[in-house]
>>> print(open('upload.cif').read())   # mmCIF, C-alpha atoms and all ligand atoms
data_work
#
loop_
_atom_site.group_PDB
_atom_site.id
_atom_site.type_symbol
_atom_site.label_atom_id
_atom_site.label_comp_id
_atom_site.auth_asym_id
_atom_site.auth_seq_id
_atom_site.Cartn_x
_atom_site.Cartn_y
_atom_site.Cartn_z
ATOM 1 C CA MET A 202 66.931 -72.178 316.305
ATOM 2 C CA TYR A 203 65.706 -74.734 313.818
ATOM 3 C CA ALA A 204 65.569 -72.723 310.600
ATOM 4 C CA ASN A 205 68.270 -70.869 308.712
ATOM 5 C CA TYR A 206 67.536 -69.098 305.438
ATOM 6 C CA HIS A 207 70.942 -67.543 304.822
ATOM 7 C CA THR A 208 73.372 -70.004 303.229
ATOM 8 C CA HIS A 209 75.913 -69.557 300.444
ATOM 9 C CA THR A 210 77.767 -71.991 298.180
ATOM 10 C CA TYR A 211 81.047 -72.046 296.257
ATOM 11 C CA ARG A 212 79.184 -70.544 293.287
ATOM 12 C CA CYS A 213 79.496 -66.926 294.527
ATOM 13 C CA ASN A 214 83.330 -67.049 294.319
ATOM 14 C CA HIS A 215 83.942 -66.050 297.933
ATOM 15 C CA ALA A 216 82.436 -69.016 299.755
ATOM 16 C CA THR A 217 83.421 -72.671 299.866
ATOM 17 C CA GLY A 218 81.426 -75.890 300.028
ATOM 18 C CA THR A 219 78.851 -77.599 297.871
ATOM 19 C CA GLU A 220 75.122 -77.513 298.454
ATOM 20 C CA LYS A 221 75.215 -81.145 299.543
ATOM 21 C CA GLU A 222 77.864 -80.439 302.186
ATOM 22 C CA TYR A 223 75.758 -77.601 303.606
ATOM 23 C CA VAL A 224 72.703 -79.844 303.745
ATOM 24 C CA GLU A 225 74.566 -82.601 305.579
ATOM 25 C CA ARG A 226 76.008 -80.127 308.061
ATOM 26 C CA ALA A 227 72.560 -78.637 308.695
ATOM 27 C CA ILE A 228 71.107 -82.069 309.412
ATOM 28 C CA GLU A 229 74.026 -82.926 311.700
ATOM 29 C CA LYS A 230 73.427 -79.701 313.625
ATOM 30 C CA GLY A 231 69.731 -80.397 314.027
ATOM 31 C CA LEU A 232 68.242 -77.803 311.698
ATOM 32 C CA LYS A 233 64.767 -78.638 310.420
ATOM 33 C CA ILE A 234 64.734 -76.010 307.672
ATOM 34 C CA LEU A 235 67.625 -74.916 305.481
ATOM 35 C CA GLY A 236 67.301 -72.162 302.905
ATOM 36 C CA PHE A 237 69.933 -71.494 300.257
ATOM 37 C CA SER A 238 70.393 -67.837 299.445
ATOM 38 C CA ASP A 239 73.516 -67.602 297.374
ATOM 39 C CA HIS A 240 74.442 -64.204 295.923
ATOM 40 C CA THR A 241 72.132 -63.636 293.004
ATOM 41 C CA PRO A 242 73.326 -63.460 289.440
ATOM 42 C CA TYR A 243 72.533 -59.988 288.076
ATOM 43 C CA PRO A 244 71.881 -59.115 284.461
ATOM 44 C CA PHE A 245 74.467 -56.330 284.386
ATOM 45 C CA PRO A 246 75.826 -54.758 281.207
ATOM 46 C CA LYS A 247 78.349 -57.065 279.530
ATOM 47 C CA GLU A 248 81.297 -54.754 280.238
ATOM 48 C CA TYR A 249 80.874 -55.207 283.982
ATOM 49 C CA HIS A 250 81.869 -58.365 285.797
ATOM 50 C CA SER A 251 80.813 -58.709 289.434
ATOM 51 C CA GLY A 252 83.199 -61.121 291.143
ATOM 52 C CA MET A 253 81.016 -61.714 294.215
ATOM 53 C CA ARG A 254 78.125 -63.658 292.718
ATOM 54 C CA MET A 255 77.307 -66.525 290.406
ATOM 55 C CA ARG A 256 77.065 -65.755 286.712
ATOM 56 C CA VAL A 257 73.663 -65.664 285.034
ATOM 57 C CA ASP A 258 74.460 -68.901 283.207
ATOM 58 C CA GLU A 259 75.156 -70.674 286.513
ATOM 59 C CA LEU A 260 71.606 -70.184 287.791
ATOM 60 C CA PRO A 261 70.091 -73.294 286.130
ATOM 61 C CA ASP A 262 72.615 -75.612 287.749
ATOM 62 C CA TYR A 263 72.198 -73.964 291.166
ATOM 63 C CA VAL A 264 68.451 -74.500 290.951
ATOM 64 C CA ARG A 265 68.751 -78.060 289.680
ATOM 65 C CA THR A 266 71.251 -78.989 292.386
ATOM 66 C CA VAL A 267 69.109 -77.650 295.236
ATOM 67 C CA GLU A 268 65.933 -79.156 293.791
ATOM 68 C CA ASN A 269 67.593 -82.567 293.665
ATOM 69 C CA LEU A 270 68.757 -82.244 297.266
ATOM 70 C CA LYS A 271 65.254 -81.231 298.378
ATOM 71 C CA ASP A 272 64.073 -84.557 297.142
ATOM 72 C CA GLU A 273 67.048 -86.632 298.243
ATOM 73 C CA TYR A 274 66.885 -85.385 301.849
ATOM 74 C CA LYS A 275 63.151 -84.839 302.173
ATOM 75 C CA SER A 276 62.799 -87.194 305.129
ATOM 76 C CA ASP A 277 65.582 -85.403 307.063
ATOM 77 C CA ILE A 278 65.204 -81.693 306.390
ATOM 78 C CA GLU A 279 63.041 -79.147 304.592
ATOM 79 C CA ILE A 280 65.143 -77.373 301.962
ATOM 80 C CA HIS A 281 64.282 -74.093 300.263
ATOM 81 C CA ILE A 282 65.831 -72.175 297.451
ATOM 82 C CA GLY A 283 66.296 -68.450 297.423
ATOM 83 C CA LEU A 284 68.810 -65.775 296.509
ATOM 84 C CA GLU A 285 70.475 -62.923 298.363
ATOM 85 C CA VAL A 286 69.698 -59.831 296.362
ATOM 86 C CA GLU A 287 70.685 -56.156 296.358
ATOM 87 C CA TYR A 288 68.000 -53.814 295.156
ATOM 88 C CA TYR A 289 69.499 -52.235 292.040
ATOM 89 C CA PRO A 290 66.770 -50.117 290.427
ATOM 90 C CA ARG A 291 68.161 -50.249 286.896
ATOM 91 C CA HIS A 292 68.281 -54.045 286.720
ATOM 92 C CA PHE A 293 65.749 -55.344 289.217
ATOM 93 C CA ASP A 294 62.946 -55.915 286.695
ATOM 94 C CA GLU A 295 65.318 -57.850 284.464
ATOM 95 C CA LEU A 296 66.281 -59.966 287.454
ATOM 96 C CA LEU A 297 62.625 -60.725 288.158
ATOM 97 C CA LYS A 298 62.228 -61.749 284.538
ATOM 98 C CA LEU A 299 65.324 -63.939 284.794
ATOM 99 C CA VAL A 300 64.028 -65.892 287.798
ATOM 100 C CA GLU A 301 60.469 -66.162 286.492
ATOM 101 C CA ASP A 302 61.113 -69.567 284.946
ATOM 102 C CA TYR A 303 62.910 -70.987 287.987
ATOM 103 C CA PRO A 304 61.385 -72.143 291.279
ATOM 104 C CA ILE A 305 63.077 -69.423 293.345
ATOM 105 C CA GLU A 306 61.017 -69.118 296.528
ATOM 106 C CA TYR A 307 62.464 -66.041 298.160
ATOM 107 C CA PHE A 308 64.861 -63.116 298.016
ATOM 108 C CA LEU A 309 66.771 -61.821 301.022
ATOM 109 C CA LEU A 310 67.323 -58.073 300.732
ATOM 110 C CA ALA A 311 70.973 -57.200 301.308
ATOM 111 C CA GLN A 312 72.196 -53.779 300.227
ATOM 112 C CA HIS A 313 75.937 -54.488 299.905
ATOM 113 C CA HIS A 314 76.305 -51.648 297.423
ATOM 114 C CA ILE A 315 74.295 -48.586 296.466
ATOM 115 C CA GLY A 316 73.392 -47.306 293.007
ATOM 116 C CA ASN A 317 73.622 -50.215 290.623
ATOM 117 C CA GLU A 318 76.923 -51.484 292.033
ATOM 118 C CA TYR A 319 79.081 -50.599 289.015
ATOM 119 C CA ASP A 320 78.111 -46.943 288.746
ATOM 120 C CA VAL A 321 78.758 -45.618 292.259
ATOM 121 C CA GLU A 322 82.343 -45.019 293.264
ATOM 122 C CA ALA A 323 81.634 -45.334 296.979
ATOM 123 C CA GLY A 324 81.841 -49.126 296.676
ATOM 124 C CA TYR A 325 81.015 -51.663 299.371
ATOM 125 C CA CYS A 326 78.753 -50.252 302.098
ATOM 126 C CA GLY A 327 80.719 -52.024 304.838
ATOM 127 C CA MET A 328 83.724 -49.731 304.280
ATOM 128 C CA PRO A 329 83.928 -46.995 306.941
ATOM 129 C CA THR A 330 82.434 -43.747 305.714
ATOM 130 C CA HIS A 331 81.512 -40.296 306.988
ATOM 131 C CA SER A 332 79.335 -39.578 303.976
ATOM 132 C CA ASP A 333 75.832 -38.498 304.933
ATOM 133 C CA ASP A 334 74.789 -38.967 301.335
ATOM 134 C CA LYS A 335 75.944 -42.568 301.313
ATOM 135 C CA LEU A 336 73.995 -43.299 304.493
ATOM 136 C CA ARG A 337 70.882 -41.635 303.102
ATOM 137 C CA GLN A 338 71.148 -43.463 299.815
ATOM 138 C CA TYR A 339 71.678 -46.818 301.546
ATOM 139 C CA VAL A 340 68.477 -46.329 303.523
ATOM 140 C CA ARG A 341 66.501 -44.908 300.598
ATOM 141 C CA GLN A 342 67.503 -47.762 298.340
ATOM 142 C CA ALA A 343 66.770 -50.462 300.921
ATOM 143 C CA ILE A 344 63.322 -48.931 301.485
ATOM 144 C CA GLU A 345 62.649 -48.849 297.738
ATOM 145 C CA GLY A 346 63.640 -52.498 297.651
ATOM 146 C CA MET A 347 61.186 -53.337 300.433
ATOM 147 C CA GLU A 348 58.469 -51.450 298.587
ATOM 148 C CA THR A 349 58.709 -53.885 295.679
ATOM 149 C CA GLY A 350 57.161 -56.516 297.950
ATOM 150 C CA LYS A 351 59.636 -59.084 296.641
ATOM 151 C CA PHE A 352 61.680 -59.671 299.784
ATOM 152 C CA LEU A 353 61.426 -62.066 302.708
ATOM 153 C CA TYR A 354 63.591 -60.271 305.247
ATOM 154 C CA LEU A 355 66.298 -57.663 305.537
ATOM 155 C CA ALA A 356 69.740 -59.283 305.828
ATOM 156 C CA HIS A 357 72.298 -57.438 307.963
ATOM 157 C CA PRO A 358 70.338 -54.157 307.935
ATOM 158 C CA ASP A 359 73.221 -52.592 309.860
ATOM 159 C CA LEU A 360 75.860 -53.373 307.226
ATOM 160 C CA ILE A 361 76.590 -49.734 306.444
ATOM 161 C CA ALA A 362 79.689 -48.594 308.351
ATOM 162 C CA TYR A 363 78.682 -44.976 308.784
ATOM 163 C CA GLU A 364 80.864 -43.096 311.257
ATOM 164 C CA GLY A 365 79.480 -39.580 310.943
ATOM 165 C CA ASP A 366 76.689 -37.775 312.784
ATOM 166 C CA MET A 367 74.988 -40.320 315.023
ATOM 167 C CA ASP A 368 71.793 -38.264 315.275
ATOM 168 C CA LEU A 369 71.458 -38.584 311.537
ATOM 169 C CA TYR A 370 72.239 -42.291 311.799
ATOM 170 C CA ASP A 371 69.447 -42.765 314.321
ATOM 171 C CA GLU A 372 66.992 -40.826 312.212
ATOM 172 C CA GLU A 373 67.781 -42.769 309.039
ATOM 173 C CA MET A 374 67.844 -46.164 310.696
ATOM 174 C CA ARG A 375 64.554 -45.491 312.413
ATOM 175 C CA ARG A 376 63.092 -44.863 308.951
ATOM 176 C CA LEU A 377 64.580 -48.120 307.768
ATOM 177 C CA CYS A 378 63.060 -50.022 310.691
ATOM 178 C CA LEU A 379 59.639 -48.439 310.284
ATOM 179 C CA ALA A 380 59.615 -49.345 306.593
ATOM 180 C CA ALA A 381 60.578 -52.915 307.454
ATOM 181 C CA ARG A 382 57.676 -53.063 309.884
ATOM 182 C CA GLU A 383 55.269 -51.590 307.347
ATOM 183 C CA HIS A 384 56.226 -54.336 304.888
ATOM 184 C CA ASP A 385 56.310 -56.995 307.580
ATOM 185 C CA LEU A 386 59.991 -57.852 307.084
ATOM 186 C CA PRO A 387 62.070 -59.045 310.035
ATOM 187 C CA LEU A 388 65.587 -57.685 310.531
ATOM 188 C CA GLU A 389 68.354 -60.247 310.480
ATOM 189 C CA LEU A 390 70.929 -60.556 313.211
ATOM 190 C CA ASN A 391 73.838 -61.758 311.120
ATOM 191 C CA PHE A 392 76.023 -64.521 312.540
ATOM 192 C CA LEU A 393 78.842 -63.959 310.052
ATOM 193 C CA GLY A 394 79.354 -60.409 311.272
ATOM 194 C CA LEU A 395 79.196 -61.578 314.869
ATOM 195 C CA THR A 396 81.743 -64.358 314.352
ATOM 196 C CA GLU A 397 84.189 -62.263 312.359
ATOM 197 C CA GLY A 398 83.889 -59.140 314.497
ATOM 198 C CA ARG A 399 82.737 -57.036 311.572
ATOM 199 C CA ASN A 400 81.192 -53.576 311.906
ATOM 200 C CA TYR A 401 77.843 -55.348 312.152
ATOM 201 C CA PRO A 402 75.906 -56.328 314.172
ATOM 202 C CA PHE A 403 76.075 -52.749 315.425
ATOM 203 C CA LYS A 404 74.789 -52.247 318.985
ATOM 204 C CA ARG A 405 73.456 -48.777 318.331
ATOM 205 C CA PHE A 406 71.298 -50.080 315.507
ATOM 206 C CA TRP A 407 69.880 -52.876 317.607
ATOM 207 C CA ASN A 408 69.107 -50.525 320.482
ATOM 208 C CA LEU A 409 67.005 -48.500 318.053
ATOM 209 C CA ALA A 410 65.340 -51.663 316.783
ATOM 210 C CA SER A 411 64.632 -52.596 320.375
ATOM 211 C CA GLU A 412 62.978 -49.233 321.097
ATOM 212 C CA LEU A 413 60.670 -49.981 318.175
ATOM 213 C CA GLU A 414 60.171 -53.591 319.307
ATOM 214 C CA MET A 415 61.046 -54.927 315.887
ATOM 215 C CA ASP A 416 60.904 -58.474 314.597
ATOM 216 C CA VAL A 417 64.328 -60.119 314.415
ATOM 217 C CA ILE A 418 65.475 -63.325 312.756
ATOM 218 C CA TYR A 419 68.789 -65.129 313.120
ATOM 219 C CA GLY A 420 70.767 -65.859 309.954
ATOM 220 C CA CYS A 421 73.973 -67.886 309.667
ATOM 221 C CA ASP A 422 75.119 -66.224 306.419
ATOM 222 C CA ALA A 423 77.336 -69.300 306.075
ATOM 223 C CA HIS A 424 80.147 -68.938 303.561
ATOM 224 C CA ARG A 425 81.836 -72.061 304.941
ATOM 225 C CA VAL A 426 80.208 -75.361 305.768
ATOM 226 C CA ASP A 427 81.227 -75.195 309.436
ATOM 227 C CA ARG A 428 79.494 -71.820 309.800
ATOM 228 C CA VAL A 429 76.097 -73.472 309.603
ATOM 229 C CA MET A 430 75.159 -73.456 313.293
ATOM 230 C CA GLU A 431 78.720 -72.887 314.439
ATOM 231 C CA ASP A 432 79.273 -73.988 318.037
ATOM 232 C CA GLY A 433 78.105 -71.411 320.559
ATOM 233 C CA ILE A 434 76.851 -68.916 317.989
ATOM 234 C CA VAL A 435 73.211 -68.898 319.054
ATOM 235 C CA GLU A 436 74.261 -68.246 322.642
ATOM 236 C CA ARG A 437 76.426 -65.356 321.457
ATOM 237 C CA ALA A 438 73.527 -63.927 319.492
ATOM 238 C CA ASP A 439 71.169 -64.295 322.457
ATOM 239 C CA HIS A 440 73.744 -62.569 324.619
ATOM 240 C CA PHE A 441 74.162 -59.740 322.102
ATOM 241 C CA LEU A 442 70.422 -59.040 322.211
ATOM 242 C CA GLU A 443 70.031 -59.593 325.936
ATOM 243 C CA GLY A 444 67.606 -57.198 327.572
ATOM 244 C CA MET A 445 66.329 -55.878 324.250
ATOM 245 C CA HIS A 446 62.675 -55.817 323.286
ATOM 246 C CA LEU A 447 62.667 -57.713 320.026
ATOM 247 C CA HIS A 448 60.419 -60.459 318.731
ATOM 248 C CA LEU A 449 62.455 -63.407 317.581
ATOM 249 C CA ILE A 450 60.978 -65.016 314.480
ATOM 250 C CA GLU A 451 61.906 -68.688 314.220
ATOM 251 C CA GLU A 452 60.363 -69.625 310.920
ATOM 252 C CA MET A 453 59.231 -67.674 307.850
ATOM 253 C CA LYS A 454 56.168 -68.326 305.788
ATOM 254 C CA LEU A 455 57.501 -68.674 302.268
ATOM 255 C CA PRO A 456 55.653 -67.750 299.107
ATOM 256 C CA ALA A 457 55.459 -70.348 296.334
ATOM 257 C CA HIS A 458 57.576 -68.050 294.195
ATOM 258 C CA VAL A 459 59.363 -64.723 294.698
HETATM 259 ZN ZN ZN B 501 78.849 -63.240 300.648
HETATM 260 ZN ZN ZN B 502 74.982 -63.510 302.687
#
>>> encode(input="upload.cif", output="C-alpha cells")
Amino acid sequence: MYANYHTHTYRCNHATGTEKEYVERAIEKGLKILGFSDHTPYPFPKEYHSGMRMRVDELPDYVRTVENLKDEYKSDIEIHIGLEVEYYPRHFDELLKLVEDYPIEYFLLAQHHIGNEYDVEAGYCGMPTHSDDKLRQYVRQAIEGMETGKFLYLAHPDLIAYEGDMDLYDEEMRRLCLAAREHDLPLELNFLGLTEGRNYPFKRFWNLASELEMDVIYGCDAHRVDRVMEDGIVERADHFLEGMHLHLIEEMKLPAHV
C-alpha cells in the first residue's frame, strides 16, 4: 500500500493533528501518495450547526495549508486535496458552487447520515437499526450521490448498522455494489472501523462484494496521526479479505477538479 486518500485533520472537531504532522507521518511510513479528505463544510441553514465538520469559513485555510505542504514536500511525497462528503440532495449543488473556486481534486462519498442530516431523526447511520426504510434510504441516497459523477470512491460502504432482515440487506447492498461498478467507483475497506472494532467492515457485505468481484481500495480514515499506516493494519485488512474475489486498487486516477 503506497497511497492513502482518506485522511482527516483537527479541523473537523473530532480528529487531532495538523496537516503537516500527517504528511510527516505518511513519509515516515513510506507512503508515496497522501490525500487529505477532511469532513466537508456544508452550506446548511444558519440555524443548524454540524459539529463533525469544518465550518464553511475554514475551507480557505484548509486549502491553503495543504497547497503549501504539496509544494514544501514535493520531493518526498505526492499530496492531494479532497473532502469527505455526504450526498445531501438539498445542499449538494451549493456545495459544488462553494468548492468551485478552490483546487479541490476529489470527493469521497460517505453517507454518515440520510436526508440532509438535520431533517431526519434517525441520526447517524452507524447506530444499530431494524428500520427497513432507513436501509433503503441509505442505499438510495448513496446511489443518487454516485449518479452525480462527482465522487472518487465509496468510503465505508458498509457503515449502516442494519440488523433486520438479512435477505433485504443482501438485496439492497447488491444494488449498491452494482451502482458502484456502473460508475466505476471502488469500495473502501475502512481501517478505522477495523482498528476500533466498529460495525464495519461487515463480513456479510464483503462476501457480497466478493461474489460480484468488486474493486476495493484500502483507506486509513486517519483521525489521529498514528493511524496513518498503523502498524500491522494492512496485514489485518489482507487477512479480513482473505479468500475473497476482489480487485485491490492501489492508486486512483484523480481529476484536475471535483
Ligand atoms: Zn470522521
Ligand atoms: Zn473519514
>>> residues_near_ligand(input="upload.cif", ligand="ligand ZN 502 (chain B)", cutoff="7 Å", atoms="all atoms listed in the file", output="list of chain:residue names")
A:His207, A:Thr208, A:His209, A:Asp239, A:His240, A:Glu285, A:Asp422
>>> resolve_selection(input="upload.cif", expression="the PyMOL selection byres (((chain A and resi 433-442) around 9) and not hetatm)", output="CSV table (one decimal) with C-alpha atoms, in the coordinates of the input")
chain,number,residue,atom,x,y,z
A,202,MET,CA,66.9,-72.2,316.3
A,390,LEU,CA,70.9,-60.6,313.2
A,391,ASN,CA,73.8,-61.8,311.1
A,392,PHE,CA,76.0,-64.5,312.5
A,395,LEU,CA,79.2,-61.6,314.9
A,396,THR,CA,81.7,-64.4,314.4
A,402,PRO,CA,75.9,-56.3,314.2
A,404,LYS,CA,74.8,-52.2,319.0
A,407,TRP,CA,69.9,-52.9,317.6
A,408,ASN,CA,69.1,-50.5,320.5
A,411,SER,CA,64.6,-52.6,320.4
A,419,TYR,CA,68.8,-65.1,313.1
A,421,CYS,CA,74.0,-67.9,309.7
A,430,MET,CA,75.2,-73.5,313.3
A,431,GLU,CA,78.7,-72.9,314.4
A,432,ASP,CA,79.3,-74.0,318.0
A,443,GLU,CA,70.0,-59.6,325.9
A,444,GLY,CA,67.6,-57.2,327.6
A,445,MET,CA,66.3,-55.9,324.2
A,446,HIS,CA,62.7,-55.8,323.3
A,447,LEU,CA,62.7,-57.7,320.0
>>> closest_residue(input="upload.cif", among="A:Val340, A:Ala216, A:Val300, A:Ala311", to="ligand ZN 501 (chain B)", atoms="only C-alpha atoms and all ligand atoms")
A:Ala216
>>> closest_residue(input="upload.cif", among="A:Tyr263, A:Glu318, A:Thr219, A:His424", to="A:His250", atoms="only C-alpha atoms")
A:Glu318
>>> closest_residue(input="upload.cif", among="A:Phe403, A:Tyr339, A:Phe352, A:Phe293", to="A:Glu373", atoms="only C-alpha atoms")
A:Tyr339
>>> atom_distance(input="upload.cif", atom1="atom CA of A:Ser276", atom2="atom CA of A:Ile234")
11.6 Å
>>> atom_distance(input="upload.cif", atom1="atom CA of A:Leu284", atom2="atom CA of A:Glu348")
17.8 Å
>>> axis_aligned_box(input="upload.cif", around="stretch 411-418 of chain A", padding_each_side="3 Å", output="JSON")
{"center_x": 62.8, "center_y": -56.3, "center_z": 316.9, "size_x": 11.3, "size_y": 20.1, "size_z": 14.3}
>>> closest_residue(input="upload.cif", among="A:Leu235, A:Val459, A:Met255, A:Ile344", to="ligand ZN 501 (chain B)", atoms="all atoms listed in the file")
A:Met255
>>> resolve_selection(input="upload.cif", expression="the PyMOL selection byres (((chain A and resi 333) around 9) and not hetatm)", output="PyMOL selection string")
chain A and resi 330-332+334-338+363+365-366+369-370
>>> closest_residue(input="upload.cif", among="A:Met328, A:Ile450, A:Leu270, A:Leu296", to="A:Asn205", atoms="all atoms listed in the file")
A:Ile450
>>> closest_residue(input="upload.cif", among="A:His292, A:Lys351, A:Lys233, A:His357", to="ligand ZN 501 (chain B)", atoms="only C-alpha atoms and all ligand atoms")
A:His357
>>> atom_distance(input="upload.cif", atom1="atom CA of A:Val224", atom2="atom CA of A:Gly398")
25.9 Å
>>> residues_around(input="upload.cif", residues="A:Asn269", least_positions_apart="3", cutoff="12 Å", atoms="only C-alpha atoms", output="ChimeraX atom specification")
/A:220-221,224,262-266,272-275,280-282
>>> write_last_selection(input="upload.cif", atoms="C-alpha atoms", output="CSV table (one decimal), in the coordinates of the input")
chain,number,residue,atom,x,y,z
A,220,GLU,CA,75.1,-77.5,298.5
A,221,LYS,CA,75.2,-81.1,299.5
A,224,VAL,CA,72.7,-79.8,303.7
A,262,ASP,CA,72.6,-75.6,287.7
A,263,TYR,CA,72.2,-74.0,291.2
A,264,VAL,CA,68.5,-74.5,291.0
A,265,ARG,CA,68.8,-78.1,289.7
A,266,THR,CA,71.3,-79.0,292.4
A,272,ASP,CA,64.1,-84.6,297.1
A,273,GLU,CA,67.0,-86.6,298.2
A,274,TYR,CA,66.9,-85.4,301.8
A,275,LYS,CA,63.2,-84.8,302.2
A,280,ILE,CA,65.1,-77.4,302.0
A,281,HIS,CA,64.3,-74.1,300.3
A,282,ILE,CA,65.8,-72.2,297.5
>>> resolve_selection(input="upload.cif", expression="the PyMOL selection byres (((chain A and resi 287) around 9) and not hetatm)", output="ChimeraX atom specification")
/A:240-241,285-286,288-289,293,309-315,317-318,343,346
>>> write_last_selection(input="upload.cif", atoms="C-alpha atoms", output="mmCIF file, in the coordinates of the input")
data_model
loop_
_atom_site.group_PDB
_atom_site.id
_atom_site.type_symbol
_atom_site.label_atom_id
_atom_site.label_comp_id
_atom_site.auth_asym_id
_atom_site.auth_seq_id
_atom_site.Cartn_x
_atom_site.Cartn_y
_atom_site.Cartn_z
ATOM 1 C CA HIS A 240 74.442 -64.204 295.923
ATOM 2 C CA THR A 241 72.132 -63.636 293.004
ATOM 3 C CA GLU A 285 70.475 -62.923 298.363
ATOM 4 C CA VAL A 286 69.698 -59.831 296.362
ATOM 5 C CA TYR A 288 68.000 -53.814 295.156
ATOM 6 C CA TYR A 289 69.499 -52.235 292.040
ATOM 7 C CA PHE A 293 65.749 -55.344 289.217
ATOM 8 C CA LEU A 309 66.771 -61.821 301.022
ATOM 9 C CA LEU A 310 67.323 -58.073 300.732
ATOM 10 C CA ALA A 311 70.973 -57.200 301.308
ATOM 11 C CA GLN A 312 72.196 -53.779 300.227
ATOM 12 C CA HIS A 313 75.937 -54.488 299.905
ATOM 13 C CA HIS A 314 76.305 -51.648 297.423
ATOM 14 C CA ILE A 315 74.295 -48.586 296.466
ATOM 15 C CA ASN A 317 73.622 -50.215 290.623
ATOM 16 C CA GLU A 318 76.923 -51.484 292.033
ATOM 17 C CA ALA A 343 66.770 -50.462 300.921
ATOM 18 C CA GLY A 346 63.640 -52.498 297.651
#
>>> residues_around(input="upload.cif", residues="stretch 384-387 of chain A", least_positions_apart="6", cutoff="6 Å", atoms="all atoms listed in the file", output="ChimeraX atom specification")
/A:354,416-417
>>> closest_atom_pairs(input="upload.cif", of="stretch 271-332 of chain A", to="stretch 452-458 of chain A", cutoff="7 Å", atoms="only C-alpha atoms", output="JSON lines")
{"residue": "A:Pro304", "atom": "CA", "partner": "A:His458", "partner_atom": "CA", "distance": 6.3}
{"residue": "A:Ile305", "atom": "CA", "partner": "A:His458", "partner_atom": "CA", "distance": 5.7}
{"residue": "A:Glu306", "atom": "CA", "partner": "A:His458", "partner_atom": "CA", "distance": 4.3}
{"residue": "A:Tyr307", "atom": "CA", "partner": "A:His458", "partner_atom": "CA", "distance": 6.6}
>>> decode(input="upload.cif", residues="stretch 439-451 of chain A", atoms="N, CA and C atoms", output="CSV table (one decimal), in the first residue's frame")
chain,number,residue,atom,x,y,z
A,439,ASP,N,-5.7,-7.4,4.8
A,439,ASP,CA,-5.5,-8.5,3.9
A,439,ASP,C,-6.1,-9.8,4.4
A,440,HIS,N,-5.9,-10.0,5.7
A,440,HIS,CA,-6.5,-11.2,6.4
A,440,HIS,C,-8.0,-11.2,6.3
A,441,PHE,N,-8.6,-10.0,6.6
A,441,PHE,CA,-10.0,-9.8,6.6
A,441,PHE,C,-10.6,-10.2,5.2
A,442,LEU,N,-9.9,-9.9,4.2
A,442,LEU,CA,-10.4,-10.2,2.8
A,442,LEU,C,-9.9,-11.5,2.2
A,443,GLU,N,-9.2,-12.2,3.0
A,443,GLU,CA,-8.6,-13.5,2.5
A,443,GLU,C,-9.6,-14.4,1.9
A,444,GLY,N,-9.2,-14.9,0.7
A,444,GLY,CA,-10.1,-15.8,0.0
A,444,GLY,C,-11.2,-15.2,-0.8
A,445,MET,N,-11.3,-13.9,-0.7
A,445,MET,CA,-12.4,-13.2,-1.4
A,445,MET,C,-11.9,-12.8,-2.8
A,446,HIS,N,-12.9,-12.6,-3.7
A,446,HIS,CA,-12.5,-12.3,-5.1
A,446,HIS,C,-12.7,-10.8,-5.4
A,447,LEU,N,-11.8,-10.0,-4.9
A,447,LEU,CA,-11.9,-8.6,-5.1
A,447,LEU,C,-10.7,-8.1,-5.8
A,448,HIS,N,-10.8,-7.0,-6.5
A,448,HIS,CA,-9.7,-6.4,-7.2
A,448,HIS,C,-9.2,-5.2,-6.3
A,449,LEU,N,-8.0,-5.4,-5.8
A,449,LEU,CA,-7.4,-4.3,-5.0
A,449,LEU,C,-6.9,-3.2,-5.9
A,450,ILE,N,-7.4,-2.0,-5.7
A,450,ILE,CA,-6.9,-0.8,-6.4
A,450,ILE,C,-5.9,-0.1,-5.6
A,451,GLU,N,-4.7,0.1,-6.1
A,451,GLU,CA,-3.7,0.7,-5.3
A,451,GLU,C,-3.6,2.2,-5.4
